[in-house]
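Enquirer: run06.pdb (PDB, C-alpha atoms and all ligand atoms) pasted underneath:
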ATOM      1  CA  MET A   1      15.620   5.577  39.204
ATOM      2  CA  LEU A   2      12.455   4.420  37.496
ATOM      3  CA  TYR A   3      10.016   6.614  35.635
ATOM      4  CA  GLY A   4       6.553   6.034  34.189
ATOM      5  CA  ALA A   5       5.842   6.892  30.570
ATOM      6  CA  LEU A   6       2.469   7.153  28.856
ATOM      7  CA  GLU A   7       2.387   7.540  25.095
ATOM      8  CA  ALA A   8      -1.251   8.358  24.468
ATOM      9  CA  GLY A   9      -1.975   7.858  20.791
ATOM     10  CA  GLY A  10      -5.164   7.964  18.757
ATOM     11  CA  THR A  11      -5.326   4.176  18.423
ATOM     12  CA  LYS A  12      -3.330   2.879  21.399
ATOM     13  CA  MET A  13      -1.923   3.868  24.751
ATOM     14  CA  ILE A  14       1.561   2.612  25.552
ATOM     15  CA  CYS A  15       2.138   2.486  29.307
ATOM     16  CA  ALA A  16       5.741   1.826  30.274
ATOM     17  CA  VAL A  17       8.369   1.975  32.965
ATOM     18  CA  GLY A  18      11.913   2.999  32.102
ATOM     19  CA  ASN A  19      15.098   4.263  33.672
ATOM     20  CA  GLU A  20      17.257   7.376  33.302
ATOM     21  CA  SER A  21      19.167   5.731  30.419
ATOM     22  CA  GLY A  22      15.965   5.483  28.419
ATOM     23  CA  GLN A  23      15.780   1.709  28.783
ATOM     24  CA  ILE A  24      12.212   0.438  28.724
ATOM     25  CA  LEU A  25      11.853  -2.240  31.397
ATOM     26  CA  ASP A  26       8.156  -2.991  31.214
ATOM     27  CA  GLN A  27       5.286  -2.041  28.931
ATOM     28  CA  VAL A  28       1.631  -2.731  28.209
ATOM     29  CA  ILE A  29      -0.491  -1.579  25.298
ATOM     30  CA  ILE A  30      -4.107  -0.545  25.840
ATOM     31  CA  PRO A  31      -6.437   0.296  22.924
ATOM     32  CA  THR A  32      -7.643   3.912  22.796
ATOM     33  CA  THR A  33     -11.436   3.622  22.723
ATOM     34  CA  THR A  34     -13.254   6.000  25.085
ATOM     35  CA  PRO A  35     -11.916   7.692  28.224
ATOM     36  CA  ASP A  36     -14.338   5.643  30.370
ATOM     37  CA  GLU A  37     -12.993   2.387  28.988
ATOM     38  CA  THR A  38      -9.341   3.230  28.457
ATOM     39  CA  MET A  39      -8.322   5.423  31.390
ATOM     40  CA  PRO A  40      -9.136   3.010  34.272
ATOM     41  CA  LYS A  41      -6.715   0.500  32.671
ATOM     42  CA  VAL A  42      -4.020   3.141  32.256
ATOM     43  CA  ILE A  43      -4.475   4.257  35.867
ATOM     44  CA  GLU A  44      -4.421   0.683  37.160
ATOM     45  CA  TYR A  45      -1.074   0.091  35.424
ATOM     46  CA  PHE A  46       0.631   3.136  36.920
ATOM     47  CA  LYS A  47      -0.953   2.576  40.353
ATOM     48  CA  SER A  48       0.696  -0.845  40.403
ATOM     49  CA  LYS A  49       4.048   0.912  39.843
ATOM     50  CA  LEU A  50       3.451   3.179  42.841
ATOM     51  CA  ASP A  51       2.147   0.526  45.216
ATOM     52  CA  ASP A  52       3.185   0.868  48.854
ATOM     53  CA  SER A  53       4.215  -2.786  48.973
ATOM     54  CA  LEU A  54       7.024  -2.081  46.448
ATOM     55  CA  PRO A  55      10.511  -1.209  47.689
ATOM     56  CA  ASP A  56      11.266   2.470  47.003
ATOM     57  CA  ASP A  57      13.722   1.730  44.190
ATOM     58  CA  GLU A  58      11.050  -0.220  42.304
ATOM     59  CA  LYS A  59       8.532   2.616  42.393
ATOM     60  CA  ILE A  60       8.278   5.170  39.616
ATOM     61  CA  GLN A  61       9.512   8.628  40.605
ATOM     62  CA  GLY A  62       7.558  10.579  38.045
ATOM     63  CA  LEU A  63       5.312  10.220  34.996
ATOM     64  CA  GLY A  64       5.779  11.664  31.517
ATOM     65  CA  ILE A  65       2.729  11.964  29.296
ATOM     66  CA  ALA A  66       3.112  12.171  25.511
ATOM     67  CA  CYS A  67      -0.383  12.957  24.312
ATOM     68  CA  PHE A  68      -2.113  13.064  20.921
ATOM     69  CA  GLY A  69      -3.397  16.526  20.169
ATOM     70  CA  PRO A  70      -4.260  19.179  19.949
ATOM     71  CA  VAL A  71      -3.562  19.570  23.653
ATOM     72  CA  ASP A  72      -3.092  22.469  26.045
ATOM     73  CA  VAL A  73       0.606  22.455  26.984
ATOM     74  CA  ARG A  74       0.606  25.938  28.552
ATOM     75  CA  GLU A  75       1.506  25.530  32.214
ATOM     76  CA  GLY A  76      -0.660  27.825  34.283
ATOM     77  CA  SER A  77      -3.542  27.742  31.805
ATOM     78  CA  LYS A  78      -6.941  26.681  33.225
ATOM     79  CA  THR A  79      -7.109  23.848  30.743
ATOM     80  CA  TYR A  80      -3.419  22.796  31.015
ATOM     81  CA  GLY A  81      -3.132  19.077  30.281
ATOM     82  CA  ASN A  82      -6.477  18.854  28.475
ATOM     83  CA  ILE A  83      -7.007  17.360  25.042
ATOM     84  CA  LEU A  84      -8.646  20.106  22.983
ATOM     85  CA  ASN A  85     -10.640  20.053  19.754
ATOM     86  CA  THR A  86      -9.687  16.561  18.553
ATOM     87  CA  PRO A  87     -11.654  14.830  15.796
ATOM     88  CA  LYS A  88     -11.886  11.896  18.280
ATOM     89  CA  ILE A  89     -15.148  13.145  19.788
ATOM     90  CA  ALA A  90     -15.046  11.006  22.958
ATOM     91  CA  TRP A  91     -11.725  12.604  23.905
ATOM     92  CA  ARG A  92     -12.647  16.207  23.095
ATOM     93  CA  ASN A  93     -11.842  18.448  26.116
ATOM     94  CA  PHE A  94     -10.787  15.410  28.153
ATOM     95  CA  PRO A  95      -8.630  16.490  31.137
ATOM     96  CA  MET A  96      -5.826  13.956  30.634
ATOM     97  CA  LEU A  97      -3.316  15.392  33.097
ATOM     98  CA  LYS A  98      -5.887  16.191  35.800
ATOM     99  CA  THR A  99      -7.396  12.698  35.567
ATOM    100  CA  LEU A 100      -3.972  11.122  36.121
ATOM    101  CA  LYS A 101      -3.068  13.553  38.922
ATOM    102  CA  ASP A 102      -6.370  12.898  40.710
ATOM    103  CA  ALA A 103      -5.872   9.139  40.435
ATOM    104  CA  LEU A 104      -2.138   8.812  41.101
ATOM    105  CA  GLY A 105      -1.601  11.510  43.693
ATOM    106  CA  ASP A 106       1.308  13.795  44.095
ATOM    107  CA  ILE A 107       4.023  12.411  41.833
ATOM    108  CA  PRO A 108       5.850  14.764  39.451
ATOM    109  CA  MET A 109       4.303  14.739  35.990
ATOM    110  CA  GLY A 110       5.423  16.196  32.669
ATOM    111  CA  PHE A 111       2.995  16.718  29.796
ATOM    112  CA  ASP A 112       3.619  17.433  26.110
ATOM    113  CA  THR A 113       2.453  16.545  22.626
ATOM    114  CA  ASN A 114       3.380  13.084  21.369
ATOM    115  CA  VAL A 115       5.442  14.597  18.538
ATOM    116  CA  ASN A 116       7.393  16.872  20.895
ATOM    117  CA  CYS A 117       8.066  13.780  23.044
ATOM    118  CA  SER A 118       9.241  11.772  20.032
ATOM    119  CA  LEU A 119      11.660  14.582  19.294
ATOM    120  CA  LEU A 120      12.748  14.763  22.942
ATOM    121  CA  GLY A 121      13.524  11.023  22.809
ATOM    122  CA  GLU A 122      15.493  11.436  19.588
ATOM    123  CA  ALA A 123      17.310  14.533  20.918
ATOM    124  CA  THR A 124      18.282  12.679  24.107
ATOM    125  CA  TRP A 125      19.196   9.240  22.789
ATOM    126  CA  GLY A 126      18.571   9.099  19.046
ATOM    127  CA  SER A 127      19.345  10.734  15.748
ATOM    128  CA  ALA A 128      19.201  14.352  17.055
ATOM    129  CA  LYS A 129      21.368  13.577  20.088
ATOM    130  CA  GLY A 130      23.263  16.648  21.249
ATOM    131  CA  LEU A 131      21.376  19.066  18.983
ATOM    132  CA  ASN A 132      19.517  22.090  20.361
ATOM    133  CA  ASP A 133      17.453  22.916  17.289
ATOM    134  CA  ALA A 134      15.635  20.094  15.593
ATOM    135  CA  VAL A 135      12.301  19.141  14.105
ATOM    136  CA  TYR A 136      10.360  15.879  14.105
ATOM    137  CA  ILE A 137       7.607  15.322  11.569
ATOM    138  CA  THR A 138       5.402  12.261  11.776
ATOM    139  CA  ILE A 139       3.603  11.303   8.580
ATOM    140  CA  GLY A 140       1.090   8.559   9.232
ATOM    141  CA  ILE A 141      -2.700   8.523   9.409
ATOM    142  CA  GLY A 142      -2.318  12.242  10.167
ATOM    143  CA  ILE A 143       0.666  14.584  10.130
ATOM    144  CA  GLY A 144       2.195  16.262  13.170
ATOM    145  CA  MET A 145       5.338  18.229  13.922
ATOM    146  CA  GLY A 146       7.337  18.812  17.079
ATOM    147  CA  ALA A 147      10.240  21.243  17.395
ATOM    148  CA  ILE A 148      12.929  22.134  19.878
ATOM    149  CA  SER A 149      14.594  25.511  19.753
ATOM    150  CA  GLY A 150      17.568  26.298  21.967
ATOM    151  CA  GLY A 151      17.036  22.876  23.590
ATOM    152  CA  ASN A 152      13.419  23.546  24.611
ATOM    153  CA  PRO A 153      10.211  22.299  23.016
ATOM    154  CA  ILE A 154       8.380  25.072  21.173
ATOM    155  CA  HIS A 155       4.955  25.710  22.705
ATOM    156  CA  GLY A 156       4.142  29.407  22.294
ATOM    157  CA  MET A 157       0.430  30.198  22.046
ATOM    158  CA  LEU A 158      -0.384  26.452  21.794
ATOM    159  CA  HIS A 159       2.161  24.212  20.050
ATOM    160  CA  PRO A 160       3.259  23.914  16.432
ATOM    161  CA  GLU A 161       0.623  22.462  14.092
ATOM    162  CA  ALA A 162       2.707  22.277  10.948
ATOM    163  CA  GLY A 163       0.637  19.342   9.715
ATOM    164  CA  HIS A 164      -1.768  22.026   8.543
ATOM    165  CA  LEU A 165       0.607  24.221   6.540
ATOM    166  CA  MET A 166      -0.929  25.605   3.377
ATOM    167  CA  MET A 167       0.383  23.891   0.243
ATOM    168  CA  SER A 168       0.851  24.900  -3.361
ATOM    169  CA  ARG A 169      -0.832  22.337  -5.534
ATOM    170  CA  VAL A 170       1.500  20.252  -7.689
ATOM    171  CA  PRO A 171       0.514  21.050 -11.331
ATOM    172  CA  GLY A 172      -1.929  18.460 -12.640
ATOM    173  CA  ASP A 173      -3.022  17.281  -9.192
ATOM    174  CA  ASP A 174      -6.736  17.939  -8.696
ATOM    175  CA  TYR A 175      -7.301  15.895  -5.520
ATOM    176  CA  LYS A 176      -9.514  17.964  -3.201
ATOM    177  CA  GLY A 177      -7.607  17.124  -0.026
ATOM    178  CA  HIS A 178      -8.505  15.177   3.098
ATOM    179  CA  CYS A 179      -8.443  17.799   5.864
ATOM    180  CA  PRO A 180     -11.946  18.636   7.188
ATOM    181  CA  SER A 181     -10.719  22.125   8.170
ATOM    182  CA  HIS A 182      -8.561  23.148   5.193
ATOM    183  CA  GLY A 183      -8.977  20.620   2.413
ATOM    184  CA  ALA A 184      -5.635  20.785   0.664
ATOM    185  CA  CYS A 185      -3.244  21.550   3.570
ATOM    186  CA  PHE A 186      -0.095  19.435   4.180
ATOM    187  CA  GLU A 187      -2.010  16.741   6.079
ATOM    188  CA  GLY A 188      -4.905  17.023   3.633
ATOM    189  CA  MET A 189      -2.612  16.289   0.677
ATOM    190  CA  ALA A 190      -0.005  13.943   2.132
ATOM    191  CA  CYS A 191      -1.255  11.955   5.147
ATOM    192  CA  GLY A 192      -1.878   8.213   4.935
ATOM    193  CA  LEU A 193      -5.638   8.709   4.595
ATOM    194  CA  ALA A 194      -5.107  11.188   1.739
ATOM    195  CA  ILE A 195      -2.891   8.662  -0.087
ATOM    196  CA  GLU A 196      -5.564   6.014   0.307
ATOM    197  CA  GLU A 197      -8.397   8.285  -0.852
ATOM    198  CA  ARG A 198      -6.423   9.710  -3.777
ATOM    199  CA  TRP A 199      -5.142   6.397  -5.164
ATOM    200  CA  GLY A 200      -7.903   4.041  -3.973
ATOM    201  CA  LYS A 201      -5.594   1.781  -1.955
ATOM    202  CA  PRO A 202      -3.713   2.066   1.349
ATOM    203  CA  ALA A 203      -0.110   3.283   1.100
ATOM    204  CA  ARG A 204       1.320  -0.131   1.947
ATOM    205  CA  GLU A 205      -0.259  -1.574  -1.231
ATOM    206  CA  LEU A 206       1.146   1.150  -3.495
ATOM    207  CA  GLY A 207       4.822   0.241  -3.295
ATOM    208  CA  ASP A 208       4.981  -0.539  -7.021
ATOM    209  CA  ARG A 209       3.502   2.804  -8.156
ATOM    210  CA  PRO A 210       6.399   5.289  -8.446
ATOM    211  CA  GLU A 211       4.017   8.152  -9.338
ATOM    212  CA  VAL A 212       2.427   7.857  -5.876
ATOM    213  CA  TRP A 213       5.747   8.453  -4.139
ATOM    214  CA  GLU A 214       6.919  11.172  -6.550
ATOM    215  CA  LEU A 215       3.825  13.209  -5.709
ATOM    216  CA  GLU A 216       4.013  12.385  -2.002
ATOM    217  CA  ALA A 217       7.667  13.460  -1.896
ATOM    218  CA  LYS A 218       6.856  16.777  -3.588
ATOM    219  CA  TYR A 219       4.300  17.689  -0.898
ATOM    220  CA  ILE A 220       6.527  16.540   1.961
ATOM    221  CA  ALA A 221       9.496  18.445   0.494
ATOM    222  CA  GLN A 222       7.373  21.576   0.116
ATOM    223  CA  ALA A 223       6.442  21.453   3.813
ATOM    224  CA  ILE A 224      10.016  20.703   4.880
ATOM    225  CA  THR A 225      11.319  23.612   2.810
ATOM    226  CA  ASP A 226       8.912  26.020   4.551
ATOM    227  CA  ILE A 227       9.752  24.576   7.964
ATOM    228  CA  LEU A 228      13.510  24.718   7.466
ATOM    229  CA  LEU A 229      13.336  28.302   6.178
ATOM    230  CA  ILE A 230      11.308  29.372   9.231
ATOM    231  CA  LEU A 231      12.849  27.368  12.088
ATOM    232  CA  SER A 232      16.397  26.835  10.785
ATOM    233  CA  PRO A 233      16.745  23.421  12.466
ATOM    234  CA  GLN A 234      20.016  21.461  12.559
ATOM    235  CA  LYS A 235      18.142  18.267  11.730
ATOM    236  CA  ILE A 236      14.751  17.154  10.448
ATOM    237  CA  ILE A 237      13.638  13.695  11.536
ATOM    238  CA  LEU A 238      10.847  12.001   9.612
ATOM    239  CA  GLY A 239       8.796   9.249  11.229
ATOM    240  CA  GLY A 240       5.355   7.655  10.917
ATOM    241  CA  GLY A 241       3.964   4.802   8.842
ATOM    242  CA  VAL A 242       4.083   6.558   5.458
ATOM    243  CA  MET A 243       7.839   7.149   5.857
ATOM    244  CA  ASN A 244       8.357   3.386   6.217
ATOM    245  CA  HIS A 245       8.216   3.387   2.434
ATOM    246  CA  ALA A 246      12.012   3.689   2.201
ATOM    247  CA  PRO A 247      12.313   5.117  -1.361
ATOM    248  CA  LEU A 248      10.581   8.276  -0.086
ATOM    249  CA  PHE A 249      13.671   9.553   1.726
ATOM    250  CA  PRO A 250      15.891  10.087  -1.340
ATOM    251  CA  LEU A 251      12.995  11.673  -3.245
ATOM    252  CA  VAL A 252      12.173  14.043  -0.389
ATOM    253  CA  ARG A 253      15.829  15.072  -0.076
ATOM    254  CA  LYS A 254      16.078  15.647  -3.841
ATOM    255  CA  TYR A 255      13.013  17.909  -3.937
ATOM    256  CA  VAL A 256      14.014  19.837  -0.798
ATOM    257  CA  LEU A 257      17.328  20.729  -2.472
ATOM    258  CA  GLU A 258      15.473  21.629  -5.668
ATOM    259  CA  TYR A 259      12.979  23.893  -3.819
ATOM    260  CA  VAL A 260      15.650  25.593  -1.658
ATOM    261  CA  ASN A 261      17.481  26.125  -4.971
ATOM    262  CA  GLU A 262      20.821  27.037  -3.354
ATOM    263  CA  TYR A 263      19.244  30.062  -1.675
ATOM    264  CA  ILE A 264      20.978  29.024   1.543
ATOM    265  CA  ASP A 265      24.218  27.117   1.805
ATOM    266  CA  THR A 266      24.871  25.319   5.093
ATOM    267  CA  LYS A 267      26.851  22.247   6.076
ATOM    268  CA  GLU A 268      23.528  20.629   7.006
ATOM    269  CA  LEU A 269      22.113  21.045   3.490
ATOM    270  CA  ARG A 270      25.398  19.861   2.012
ATOM    271  CA  ASN A 271      24.966  16.691   4.128
ATOM    272  CA  ILE A 272      21.341  16.227   3.183
ATOM    273  CA  ASN A 273      21.317  12.493   4.013
ATOM    274  CA  SER A 274      21.979  13.178   7.668
ATOM    275  CA  PHE A 275      20.007  16.459   7.720
ATOM    276  CA  ILE A 276      16.765  14.753   6.659
ATOM    277  CA  ALA A 277      16.924  11.436   8.462
ATOM    278  CA  PRO A 278      14.713   8.700   9.868
ATOM    279  CA  ALA A 279      14.103   8.290  13.587
ATOM    280  CA  ALA A 280      16.736   6.117  15.253
ATOM    281  CA  LEU A 281      14.829   4.695  18.224
ATOM    282  CA  ASN A 282      12.838   2.021  16.397
ATOM    283  CA  GLY A 283       9.369   3.261  17.208
ATOM    284  CA  TYR A 284      10.168   3.816  20.886
ATOM    285  CA  GLN A 285      11.034   7.504  20.498
ATOM    286  CA  GLY A 286       7.688   8.681  21.937
ATOM    287  CA  VAL A 287       7.848   6.445  25.007
ATOM    288  CA  MET A 288      11.517   7.281  25.553
ATOM    289  CA  GLY A 289      10.751  10.980  25.252
ATOM    290  CA  ALA A 290       8.039  10.526  27.882
ATOM    291  CA  ILE A 291      10.620   8.868  30.184
ATOM    292  CA  LYS A 292      12.856  11.920  29.695
ATOM    293  CA  LEU A 293       9.896  14.199  30.415
ATOM    294  CA  ALA A 294       9.213  12.298  33.665
ATOM    295  CA  GLU A 295      12.852  12.544  34.679
ATOM    296  CA  SER A 296      12.861  16.300  34.080
ATOM    297  CA  ALA A 297       9.615  16.726  36.040
ATOM    298  CA  ALA A 298      11.067  14.726  38.962
ATOM    299  CA  ALA A 299      14.247  16.816  38.933
ATOM    300  CA  GLU A 300      12.356  20.124  39.256
TER     301      GLU A 300
HETATM  302 ZN    ZN B 401      -5.579  20.997   7.680
END
Spit out the file's structure as structure tokens when you get a sec.
Expert:
Amino acid sequence: MLYGALEAGGTKMICAVGNESGQILDQVIIPTTTPDETMPKVIEYFKSKLDDSLPDDEKIQGLGIACFGPVDVREGSKTYGNILNTPKIAWRNFPMLKTLKDALGDIPMGFDTNVNCSLLGEATWGSAKGLNDAVYITIGIGIGMGAISGGNPIHGMLHPEAGHLMMSRVPGDDYKGHCPSHGACFEGMACGLAIEERWGKPARELGDRPEVWELEAKYIAQAITDILLILSPQKIILGGGVMNHAPLFPLVRKYVLEYVNEYIDTKELRNINSFIAPAALNGYQGVMGAIKLAESAAAE
């Protein structure tokens, strides 16, 4: 069976076709500019995968949409499938799911945040395979978190927004923070744009400045400590461009153990290297999660 997958990100849309094993068989990348410019190209791609001239086994049987947020993921809500109050003005209140349903007709569609989809991909085929309770945090231009609890993505009143956790300032750090809503929240202190503003250079040019990564690790570890104390996950996966700076992982693990301070003792914390781990699907976790979402929607 073939499934369509759309990973809608703030800078690019990845449109793909994959199968029930998570193999990606075809993909195109379309820049995210405005809905008027971007969506016709996205729709054209998926229409071509539903074309009547195709044999049935070459048509997609469903579409999974992994969307940048905040988004309305509450089925039954009037604005289900809409992008909400995003800083990307052109996309604010854009009805992503409805636009695709109107254009592509009656194929099963699943819709979730891009971070929840990344986690779904990792929980199905990657580093959280077989786990029911896990967290995925992406630390890039912004910071986002997805979580599954009991095998299901956490949505609740909206969906987790742990990128905006309140932080305690590291002593001596007087950076005001990058978040337009909160200043010095987790994203405000630790996202890629905050690193660049604080140190005057993009993260990729700061590899030889250990103090940058010490401070970064302290903020990430603070957030992880709060998240692990609240959600009690079996694994925390860290992805996103900032985490490509490999020396961050050991520092983050060290400070998480320091902040937890032996208050809890679990086999996961004793195996910290596998408890706090990188994504395993080489950047394809979001698209693969969207394939899984499409498969689940088609099976309903
Ligand atoms: Zn914030």
Enquirer: Could you check which of A:Ser127, A:Arg198, A:Gly156, A:Glu161 is closest to A:Lys176, using all atoms listed in the file?
Expert: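 Comparing A:Ser127, A:Arg198, A:Gly156, A:Glu161 against A:Lys176, the winner is A:Arg198.
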Enquirer: As a VMD selection string, please: the residues near stretch 270-279 of chain A (cut-off 12 Å, all atoms listed in the file, same-chain neighbours under 5 positions excluded).
Expert: chain A and resid 115 118 to 123 125 to 129 131 133 to 139 220 to 221 224 to 225 228 232 to 246 248 to 258 260 262 264 to 265 284 to 286
Enquirer: What are the closest atom pairs, with distances in Å to one decimal, for each residue of stretch 133-192 of chain A lying within 12 Å of stretch 92-112 of chain A, using only C-alpha atoms, rows by chain and rising residue number, as JSON lines?
Expert:
{"residue": "A:Gly146", "atom": "CA", "partner": "A:Asp112", "partner_atom": "CA", "distance": 9.9}
{"residue": "A:Ala147", "atom": "CA", "partner": "A:Asp112", "partner_atom": "CA", "distance": 11.6}
{"residue": "A:Asn152", "atom": "CA", "partner": "A:Asp112", "partner_atom": "CA", "distance": 11.6}
{"residue": "A:Pro153", "atom": "CA", "partner": "A:Asp112", "partner_atom": "CA", "distance": 8.8}
{"residue": "A:Ile154", "atom": "CA", "partner": "A:Asp112", "partner_atom": "CA", "distance": 10.3}
{"residue": "A:His155", "atom": "CA", "partner": "A:Asp112", "partner_atom": "CA", "distance": 9.0}
{"residue": "A:Leu158", "atom": "CA", "partner": "A:Asp112", "partner_atom": "CA", "distance": 10.8}
{"residue": "A:His159", "atom": "CA", "partner": "A:Asp112", "partner_atom": "CA", "distance": 9.2}
{"residue": "A:Pro160", "atom": "CA", "partner": "A:Asp112", "partner_atom": "CA", "distance": 11.7}
Enquirer: Could you tell me, counting all atoms listed in the file, which protein and nucleic acid residues lie no more than 10 Å from ligand ZN 401 (chain B), written as a list in words?
Expert: Gly142, Ile143, Glu161, Ala162, Gly163, His164, Leu165, Met166, Met167, Gly177, His178, Cys179, Pro180, Ser181, His182, Gly183, Ala184, Cys185, Phe186, Glu187, Gly188 and Met189 of chain A
Enquirer: Write to file, as an mmCIF file, in the coordinates of the input, the residues of the selection just made, with C-alpha atoms.
Expert:
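Here's the written file result03.cif:
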data_model
loop_
_atom_site.group_PDB
_atom_site.id
_atom_site.type_symbol
_atom_site.label_atom_id
_atom_site.label_comp_id
_atom_site.auth_asym_id
_atom_site.auth_seq_id
_atom_site.Cartn_x
_atom_site.Cartn_y
_atom_site.Cartn_z
ATOM 1 C CA GLY A 142 -2.318 12.242 10.167
ATOM 2 C CA ILE A 143 0.666 14.584 10.130
ATOM 3 C CA GLU A 161 0.623 22.462 14.092
ATOM 4 C CA ALA A 162 2.707 22.277 10.948
ATOM 5 C CA GLY A 163 0.637 19.342 9.715
ATOM 6 C CA HIS A 164 -1.768 22.026 8.543
ATOM 7 C CA LEU A 165 0.607 24.221 6.540
ATOM 8 C CA MET A 166 -0.929 25.605 3.377
ATOM 9 C CA MET A 167 0.383 23.891 0.243
ATOM 10 C CA GLY A 177 -7.607 17.124 -0.026
ATOM 11 C CA HIS A 178 -8.505 15.177 3.098
ATOM 12 C CA CYS A 179 -8.443 17.799 5.864
ATOM 13 C CA PRO A 180 -11.946 18.636 7.188
ATOM 14 C CA SER A 181 -10.719 22.125 8.170
ATOM 15 C CA HIS A 182 -8.561 23.148 5.193
ATOM 16 C CA GLY A 183 -8.977 20.620 2.413
ATOM 17 C CA ALA A 184 -5.635 20.785 0.664
ATOM 18 C CA CYS A 185 -3.244 21.550 3.570
ATOM 19 C CA PHE A 186 -0.095 19.435 4.180
ATOM 20 C CA GLU A 187 -2.010 16.741 6.079
ATOM 21 C CA GLY A 188 -4.905 17.023 3.633
ATOM 22 C CA MET A 189 -2.612 16.289 0.677
#
Enquirer: Between A:Asn114, A:Lys41, A:Leu6, A:Met157, which one has atoms that come closest to A:Ser77, using only C-alpha atoms?
Expert: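 Closest to A:Ser77, using only C-alpha atoms: A:Met157.
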Enquirer: What is the atom CA of A:Tyr3-atom CA of A:Pro40 distance in Å, reported with one decimal?
Expert: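 Atom CA of A:Pro40 lies 19.5 Å from atom CA of A:Tyr3.
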Enquirer: Any idea what the distance is between atom CA of A:Gly130 and atom CA of A:Ala280?
Expert: 13.8 Å
Enquirer: Just to confirm, what's the straight-line distance from atom CA of A:Ile43 to atom CA of A:Met145 in Å (one decimal)?
Expert: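 For atom CA of A:Ile43 relative to atom CA of A:Met145, the distance reads 27.8 Å.
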Enquirer: From the options A:Ile60, A:Val73, A:Ile195, A:Ala297, which residue's atoms come nearest to A:Glu211, counting all atoms listed in the file?
Expert: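 Closest residue, counting all atoms listed in the file: A:Ile195.
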Enquirer: Please reconstruct the missing atoms of stretch 24-37 of chain A (target: N, CA and C atoms) and return them as a JSON list (two decimals), in the frame of the given file.
Expert:
[["chain", "number", "residue", "atom", "x", "y", "z"],
["A", 24, "ILE", "N", 13.60, 0.77, 28.38],
["A", 24, "ILE", "CA", 12.21, 0.44, 28.72],
["A", 24, "ILE", "C", 12.22, -0.94, 29.38],
["A", 25, "LEU", "N", 11.74, -1.00, 30.62],
["A", 25, "LEU", "CA", 11.85, -2.24, 31.40],
["A", 25, "LEU", "C", 10.54, -3.02, 31.44],
["A", 26, "ASP", "N", 9.46, -2.33, 31.15],
["A", 26, "ASP", "CA", 8.16, -2.99, 31.21],
["A", 26, "ASP", "C", 7.20, -2.17, 30.37],
["A", 27, "GLN", "N", 6.26, -2.83, 29.69],
["A", 27, "GLN", "CA", 5.29, -2.04, 28.93],
["A", 27, "GLN", "C", 4.01, -2.82, 28.67],
["A", 28, "VAL", "N", 2.89, -2.12, 28.66],
["A", 28, "VAL", "CA", 1.63, -2.73, 28.21],
["A", 28, "VAL", "C", 0.99, -1.78, 27.19],
["A", 29, "ILE", "N", 0.20, -2.38, 26.31],
["A", 29, "ILE", "CA", -0.49, -1.58, 25.30],
["A", 29, "ILE", "C", -2.00, -1.71, 25.52],
["A", 30, "ILE", "N", -2.66, -0.57, 25.58],
["A", 30, "ILE", "CA", -4.11, -0.55, 25.84],
["A", 30, "ILE", "C", -4.77, 0.19, 24.67],
["A", 31, "PRO", "N", -5.80, -0.40, 24.05],
["A", 31, "PRO", "CA", -6.44, 0.30, 22.92],
["A", 31, "PRO", "C", -7.08, 1.61, 23.37],
["A", 32, "THR", "N", -6.98, 2.63, 22.53],
["A", 32, "THR", "CA", -7.64, 3.91, 22.80],
["A", 32, "THR", "C", -9.06, 3.82, 22.26],
["A", 33, "THR", "N", -10.03, 3.65, 23.17],
["A", 33, "THR", "CA", -11.44, 3.62, 22.72],
["A", 33, "THR", "C", -12.12, 4.88, 23.24],
["A", 34, "THR", "N", -12.68, 4.80, 24.47],
["A", 34, "THR", "CA", -13.25, 6.00, 25.08],
["A", 34, "THR", "C", -12.53, 6.22, 26.41],
["A", 35, "PRO", "N", -12.57, 7.45, 26.93],
["A", 35, "PRO", "CA", -11.92, 7.69, 28.22],
["A", 35, "PRO", "C", -12.44, 6.75, 29.32],
["A", 36, "ASP", "N", -13.75, 6.49, 29.32],
["A", 36, "ASP", "CA", -14.34, 5.64, 30.37],
["A", 36, "ASP", "C", -13.78, 4.23, 30.33],
["A", 37, "GLU", "N", -13.50, 3.75, 29.13],
["A", 37, "GLU", "CA", -12.99, 2.39, 28.99],
["A", 37, "GLU", "C", -11.48, 2.33, 29.15]]
